[in-house]
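This is work_15.pdb. It holds PDB, N, CA and C atoms.
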ATOM      1  N   MET A 494      16.144  18.630   1.888
ATOM      2  CA  MET A 494      17.381  18.183   1.294
ATOM      3  C   MET A 494      17.096  16.979   0.401
ATOM      4  N   THR A 495      17.756  16.927  -0.719
ATOM      5  CA  THR A 495      17.588  15.828  -1.654
ATOM      6  C   THR A 495      18.946  15.199  -1.927
ATOM      7  N   ILE A 496      19.053  13.918  -1.715
ATOM      8  CA  ILE A 496      20.277  13.188  -2.007
ATOM      9  C   ILE A 496      19.913  12.039  -2.931
ATOM     10  N   ASP A 497      20.520  12.016  -4.105
ATOM     11  CA  ASP A 497      20.245  10.919  -5.029
ATOM     12  C   ASP A 497      20.993   9.680  -4.579
ATOM     13  N   ARG A 498      20.334   8.539  -4.709
ATOM     14  CA  ARG A 498      20.917   7.257  -4.335
ATOM     15  C   ARG A 498      21.211   6.449  -5.591
ATOM     16  N   ALA A 499      22.029   5.454  -5.450
ATOM     17  CA  ALA A 499      22.374   4.592  -6.578
ATOM     18  C   ALA A 499      21.158   3.845  -7.105
ATOM     19  N   ASP A 500      20.155   3.584  -6.247
ATOM     20  CA  ASP A 500      18.974   2.844  -6.678
ATOM     21  C   ASP A 500      17.910   3.736  -7.322
ATOM     22  N   GLY A 501      18.234   5.014  -7.537
ATOM     23  CA  GLY A 501      17.294   5.920  -8.197
ATOM     24  C   GLY A 501      16.336   6.613  -7.249
ATOM     25  N   ARG A 502      16.385   6.258  -5.957
ATOM     26  CA  ARG A 502      15.517   6.917  -4.989
ATOM     27  C   ARG A 502      16.244   8.117  -4.391
ATOM     28  N   MET A 503      15.491   8.970  -3.728
ATOM     29  CA  MET A 503      16.051  10.163  -3.120
ATOM     30  C   MET A 503      15.670  10.236  -1.651
ATOM     31  N   ASP A 504      16.517  10.905  -0.883
ATOM     32  CA  ASP A 504      16.198  11.259   0.493
ATOM     33  C   ASP A 504      15.600  12.658   0.452
ATOM     34  N   LEU A 505      14.376  12.802   0.907
ATOM     35  CA  LEU A 505      13.713  14.101   0.939
ATOM     36  C   LEU A 505      13.284  14.415   2.359
ATOM     37  N   THR A 506      13.389  15.665   2.743
ATOM     38  CA  THR A 506      12.819  16.123   3.998
ATOM     39  C   THR A 506      11.759  17.148   3.647
ATOM     40  N   MET A 507      10.560  16.910   4.138
ATOM     41  CA  MET A 507       9.429  17.788   3.860
ATOM     42  C   MET A 507       9.000  18.490   5.141
ATOM     43  N   LYS A 508       8.708  19.778   5.033
ATOM     44  CA  LYS A 508       8.072  20.501   6.129
ATOM     45  C   LYS A 508       6.576  20.328   5.929
ATOM     46  N   VAL A 509       5.892  19.819   6.950
ATOM     47  CA  VAL A 509       4.459  19.530   6.839
ATOM     48  C   VAL A 509       3.725  20.265   7.961
ATOM     49  N   GLU A 510       2.815  21.150   7.577
ATOM     50  CA  GLU A 510       2.040  21.901   8.557
ATOM     51  C   GLU A 510       0.671  21.272   8.740
ATOM     52  N   GLY A 511       0.189  21.311   9.976
ATOM     53  CA  GLY A 511      -1.146  20.805  10.262
ATOM     54  C   GLY A 511      -1.175  19.463  10.970
ATOM     55  N   MET A 512      -0.007  18.855  11.198
ATOM     56  CA  MET A 512       0.028  17.583  11.916
ATOM     57  C   MET A 512      -0.049  17.873  13.408
ATOM     58  N   THR A 513      -1.013  17.238  14.092
ATOM     59  CA  THR A 513      -1.189  17.505  15.517
ATOM     60  C   THR A 513      -1.239  16.258  16.389
ATOM     61  N   CYS A 514      -1.346  15.072  15.770
ATOM     62  CA  CYS A 514      -1.542  13.865  16.578
ATOM     63  C   CYS A 514      -1.058  12.631  15.819
ATOM     64  N   GLN A 515      -1.134  11.485  16.481
ATOM     65  CA  GLN A 515      -0.720  10.236  15.849
ATOM     66  C   GLN A 515      -1.616   9.871  14.665
ATOM     67  N   GLY A 516      -2.861  10.323  14.692
ATOM     68  CA  GLY A 516      -3.741  10.116  13.541
ATOM     69  C   GLY A 516      -3.209  10.842  12.317
ATOM     70  N   CYS A 517      -2.647  12.027  12.535
ATOM     71  CA  CYS A 517      -2.039  12.785  11.444
ATOM     72  C   CYS A 517      -0.815  12.058  10.899
ATOM     73  N   VAL A 518      -0.034  11.497  11.804
ATOM     74  CA  VAL A 518       1.144  10.728  11.395
ATOM     75  C   VAL A 518       0.713   9.584  10.486
ATOM     76  N   ALA A 519      -0.330   8.885  10.874
ATOM     77  CA  ALA A 519      -0.833   7.773  10.069
ATOM     78  C   ALA A 519      -1.361   8.255   8.728
ATOM     79  N   ALA A 520      -2.069   9.380   8.716
ATOM     80  CA  ALA A 520      -2.632   9.914   7.468
ATOM     81  C   ALA A 520      -1.533  10.358   6.507
ATOM     82  N   VAL A 521      -0.501  10.996   7.034
ATOM     83  CA  VAL A 521       0.617  11.443   6.202
ATOM     84  C   VAL A 521       1.349  10.231   5.623
ATOM     85  N   THR A 522       1.608   9.255   6.462
ATOM     86  CA  THR A 522       2.296   8.045   6.002
ATOM     87  C   THR A 522       1.477   7.338   4.925
ATOM     88  N   LYS A 523       0.189   7.232   5.133
ATOM     89  CA  LYS A 523      -0.693   6.577   4.162
ATOM     90  C   LYS A 523      -0.718   7.332   2.837
ATOM     91  N   ALA A 524      -0.766   8.654   2.891
ATOM     92  CA  ALA A 524      -0.780   9.459   1.661
ATOM     93  C   ALA A 524       0.498   9.243   0.849
ATOM     94  N   ILE A 525       1.629   9.177   1.533
ATOM     95  CA  ILE A 525       2.904   8.945   0.842
ATOM     96  C   ILE A 525       2.941   7.538   0.260
ATOM     97  N   HIS A 526       2.478   6.551   1.013
ATOM     98  CA  HIS A 526       2.490   5.169   0.520
ATOM     99  C   HIS A 526       1.522   4.955  -0.640
ATOM    100  N   ARG A 527       0.473   5.752  -0.728
ATOM    101  CA  ARG A 527      -0.403   5.662  -1.906
ATOM    102  C   ARG A 527       0.357   6.063  -3.157
ATOM    103  N   LEU A 528       1.217   7.061  -3.029
ATOM    104  CA  LEU A 528       2.007   7.543  -4.158
ATOM    105  C   LEU A 528       3.173   6.604  -4.456
ATOM    106  N   ASP A 529       3.840   6.145  -3.415
ATOM    107  CA  ASP A 529       4.996   5.263  -3.563
ATOM    108  C   ASP A 529       4.951   4.202  -2.465
ATOM    109  N   PRO A 530       4.376   3.037  -2.762
ATOM    110  CA  PRO A 530       4.240   1.987  -1.750
ATOM    111  C   PRO A 530       5.567   1.530  -1.145
ATOM    112  N   ALA A 531       6.668   1.727  -1.851
ATOM    113  CA  ALA A 531       7.972   1.288  -1.357
ATOM    114  C   ALA A 531       8.705   2.377  -0.563
ATOM    115  N   ALA A 532       8.100   3.533  -0.401
ATOM    116  CA  ALA A 532       8.751   4.636   0.302
ATOM    117  C   ALA A 532       9.029   4.280   1.752
ATOM    118  N   GLU A 533      10.152   4.773   2.254
ATOM    119  CA  GLU A 533      10.487   4.680   3.672
ATOM    120  C   GLU A 533      10.115   6.026   4.277
ATOM    121  N   VAL A 534       9.237   6.040   5.262
ATOM    122  CA  VAL A 534       8.695   7.279   5.820
ATOM    123  C   VAL A 534       9.001   7.362   7.303
ATOM    124  N   SER A 535       9.507   8.518   7.732
ATOM    125  CA  SER A 535       9.750   8.792   9.145
ATOM    126  C   SER A 535       9.170  10.164   9.462
ATOM    127  N   VAL A 536       8.177  10.188  10.349
ATOM    128  CA  VAL A 536       7.482  11.432  10.678
ATOM    129  C   VAL A 536       7.951  11.944  12.038
ATOM    130  N   ASP A 537       8.354  13.212  12.077
ATOM    131  CA  ASP A 537       8.713  13.897  13.322
ATOM    132  C   ASP A 537       7.578  14.867  13.618
ATOM    133  N   LEU A 538       6.615  14.411  14.397
ATOM    134  CA  LEU A 538       5.414  15.187  14.692
ATOM    135  C   LEU A 538       5.756  16.493  15.395
ATOM    136  N   GLU A 539       6.641  16.432  16.356
ATOM    137  CA  GLU A 539       7.002  17.612  17.139
ATOM    138  C   GLU A 539       7.610  18.726  16.284
ATOM    139  N   ARG A 540       8.455  18.354  15.337
ATOM    140  CA  ARG A 540       9.123  19.349  14.488
ATOM    141  C   ARG A 540       8.351  19.647  13.206
ATOM    142  N   GLY A 541       7.313  18.865  12.914
ATOM    143  CA  GLY A 541       6.542  19.089  11.699
ATOM    144  C   GLY A 541       7.303  18.744  10.440
ATOM    145  N   ARG A 542       8.070  17.660  10.523
ATOM    146  CA  ARG A 542       8.890  17.250   9.383
ATOM    147  C   ARG A 542       8.665  15.780   9.062
ATOM    148  N   VAL A 543       8.832  15.481   7.790
ATOM    149  CA  VAL A 543       8.716  14.102   7.320
ATOM    150  C   VAL A 543       9.945  13.804   6.466
ATOM    151  N   ALA A 544      10.675  12.762   6.828
ATOM    152  CA  ALA A 544      11.807  12.294   6.035
ATOM    153  C   ALA A 544      11.322  11.109   5.206
ATOM    154  N   VAL A 545      11.644  11.153   3.906
ATOM    155  CA  VAL A 545      11.159  10.123   2.991
ATOM    156  C   VAL A 545      12.298   9.661   2.091
ATOM    157  N   VAL A 546      12.415   8.364   1.920
ATOM    158  CA  VAL A 546      13.279   7.790   0.897
ATOM    159  C   VAL A 546      12.317   7.263  -0.151
ATOM    160  N   THR A 547      12.388   7.841  -1.357
ATOM    161  CA  THR A 547      11.354   7.566  -2.348
ATOM    162  C   THR A 547      11.863   7.745  -3.770
ATOM    163  N   ALA A 548      11.135   7.162  -4.703
ATOM    164  CA  ALA A 548      11.383   7.389  -6.122
ATOM    165  C   ALA A 548      10.487   8.522  -6.645
ATOM    166  N   ALA A 549       9.545   8.979  -5.822
ATOM    167  CA  ALA A 549       8.621  10.048  -6.219
ATOM    168  C   ALA A 549       9.311  11.411  -6.142
ATOM    169  N   GLN A 550       8.788  12.352  -6.880
ATOM    170  CA  GLN A 550       9.305  13.711  -6.874
ATOM    171  C   GLN A 550       8.717  14.499  -5.705
ATOM    172  N   ALA A 551       9.462  15.481  -5.218
ATOM    173  CA  ALA A 551       9.020  16.292  -4.081
ATOM    174  C   ALA A 551       7.684  16.971  -4.358
ATOM    175  N   LEU A 552       7.497  17.489  -5.555
ATOM    176  CA  LEU A 552       6.245  18.164  -5.889
ATOM    177  C   LEU A 552       5.075  17.190  -5.815
ATOM    178  N   ASP A 553       5.266  15.979  -6.297
ATOM    179  CA  ASP A 553       4.203  14.969  -6.236
ATOM    180  C   ASP A 553       3.867  14.617  -4.789
ATOM    181  N   LEU A 554       4.895  14.519  -3.939
ATOM    182  CA  LEU A 554       4.652  14.243  -2.522
ATOM    183  C   LEU A 554       3.881  15.388  -1.877
ATOM    184  N   ALA A 555       4.285  16.623  -2.160
ATOM    185  CA  ALA A 555       3.600  17.787  -1.599
ATOM    186  C   ALA A 555       2.136  17.816  -2.031
ATOM    187  N   GLN A 556       1.878  17.476  -3.282
ATOM    188  CA  GLN A 556       0.496  17.454  -3.772
ATOM    189  C   GLN A 556      -0.307  16.341  -3.102
ATOM    190  N   ALA A 557       0.304  15.179  -2.915
ATOM    191  CA  ALA A 557      -0.377  14.063  -2.246
ATOM    192  C   ALA A 557      -0.720  14.439  -0.805
ATOM    193  N   LEU A 558       0.202  15.096  -0.138
ATOM    194  CA  LEU A 558      -0.049  15.520   1.233
ATOM    195  C   LEU A 558      -1.095  16.632   1.273
ATOM    196  N   GLY A 559      -1.098  17.485   0.261
ATOM    197  CA  GLY A 559      -2.126  18.519   0.167
ATOM    198  C   GLY A 559      -3.511  17.917   0.022
ATOM    199  N   ARG A 560      -3.626  16.872  -0.790
ATOM    200  CA  ARG A 560      -4.919  16.193  -0.945
ATOM    201  C   ARG A 560      -5.366  15.553   0.367
ATOM    202  N   ALA A 561      -4.392  15.199   1.217
ATOM    203  CA  ALA A 561      -4.716  14.605   2.519
ATOM    204  C   ALA A 561      -5.019  15.673   3.574
ATOM    205  N   GLY A 562      -4.874  16.955   3.189
ATOM    206  CA  GLY A 562      -5.230  18.039   4.098
ATOM    207  C   GLY A 562      -4.074  18.725   4.800
ATOM    208  N   TYR A 563      -2.861  18.512   4.315
ATOM    209  CA  TYR A 563      -1.675  19.091   4.946
ATOM    210  C   TYR A 563      -0.913  19.971   3.964
ATOM    211  N   ASP A 564      -0.386  21.096   4.459
ATOM    212  CA  ASP A 564       0.487  21.937   3.646
ATOM    213  C   ASP A 564       1.893  21.387   3.755
ATOM    214  N   ALA A 565       2.509  21.095   2.624
ATOM    215  CA  ALA A 565       3.843  20.501   2.645
ATOM    216  C   ALA A 565       4.727  21.115   1.580
ATOM    217  N   GLU A 566       6.010  21.197   1.906
ATOM    218  CA  GLU A 566       7.007  21.644   0.939
ATOM    219  C   GLU A 566       8.339  20.991   1.264
ATOM    220  N   ALA A 567       9.125  20.793   0.227
ATOM    221  CA  ALA A 567      10.445  20.202   0.415
ATOM    222  C   ALA A 567      11.350  21.232   1.064
ATOM    223  N   MET A 568      12.175  20.765   1.970
ATOM    224  CA  MET A 568      13.137  21.624   2.633
ATOM    225  C   MET A 568      14.458  21.534   1.886
ATOM    226  N   THR A 569      15.188  22.638   1.844
ATOM    227  CA  THR A 569      16.483  22.647   1.182
ATOM    228  C   THR A 569      17.559  23.007   2.194
ATOM    229  N   GLY A 570      18.766  22.550   1.868
ATOM    230  CA  GLY A 570      19.902  22.919   2.703
ATOM    231  C   GLY A 570      20.003  22.241   3.945
TER     232      GLY A 570
END

Could you quickly redo this structure as structure tokens?
Amino acid sequence: MTIDRADGRMDLTMKVEGMTCQGCVAAVTKAIHRLDPAAEVSVDLERGRVAVVTAAQALDLAQALGRAGYDAEAMTG
């Protein structure tokens, strides 16, 4: 889901496959912060989802997570 904010950032929920531990949580968070240091990141390891408040585009986030070794896509609806 994408919600535009007044500050130009968006709320995105990403489905991320391949996360299995707290190390994965740290790696995913770090990959997102490399792209957008100001991003707010919340990882739900059990559900395989990452909620992000960011100025970055969903495709850029998915690519950053792919480079970190995770399959990711933005969720809709």

In terms of the shortest atom-to-atom distance over only N, CA and C atoms, which of A:Lys523, A:Asp500, A:Met568, A:Ala532 is closest to Val546 (chain A)?
A:Ala532

Check the DSSP output for the backbone and give back, as a list in words, the residues of region 521-553 of chain A in alpha helix (DSSP H).
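Going through region 521-553 of chain A, the alpha helix (DSSP H) residues come out as Val521, Thr522, Lys523, Ala524, Ile525, His526, Arg527, Leu528, Ala551, Leu552 and Asp553 of chain A.
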
Selected residue of minimal separation from Val521 (chain A) among A:Glu566, A:Asp553, A:Ala561, A:Thr547, counting only N, CA and C atoms:
A:Ala561

Any idea what's packed within 8 Å of Leu554 (chain A), counting only N, CA and C atoms, ignoring anything in its chain fewer than 3 positions away? Could you give it as number ranges by chain?
A: 524-525, 528, 549-551, 557-560, 565-567

Hey, which of A:Val518, A:Gly501, A:Ala548, A:Lys508 ends up closest to Val536 (chain A)? Count all atoms listed in the file.
A:Val518

Between CA of Arg502 (chain A) and CA of Glu539 (chain A), what is the spacing in Å?
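Computed distance, CA of Glu539 (chain A) to CA of Arg502 (chain A), equals 26.0 Å.
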
DSSP says strand (DSSP E) for which residues of region 496-563 of chain A? Put them as a ChimeraX atom specification?
/A:496-497,503-510,533-537,542-547

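Separating CA of Thr522 (chain A) from CA of Met503 (chain A) is a distance of 16.6 Å.
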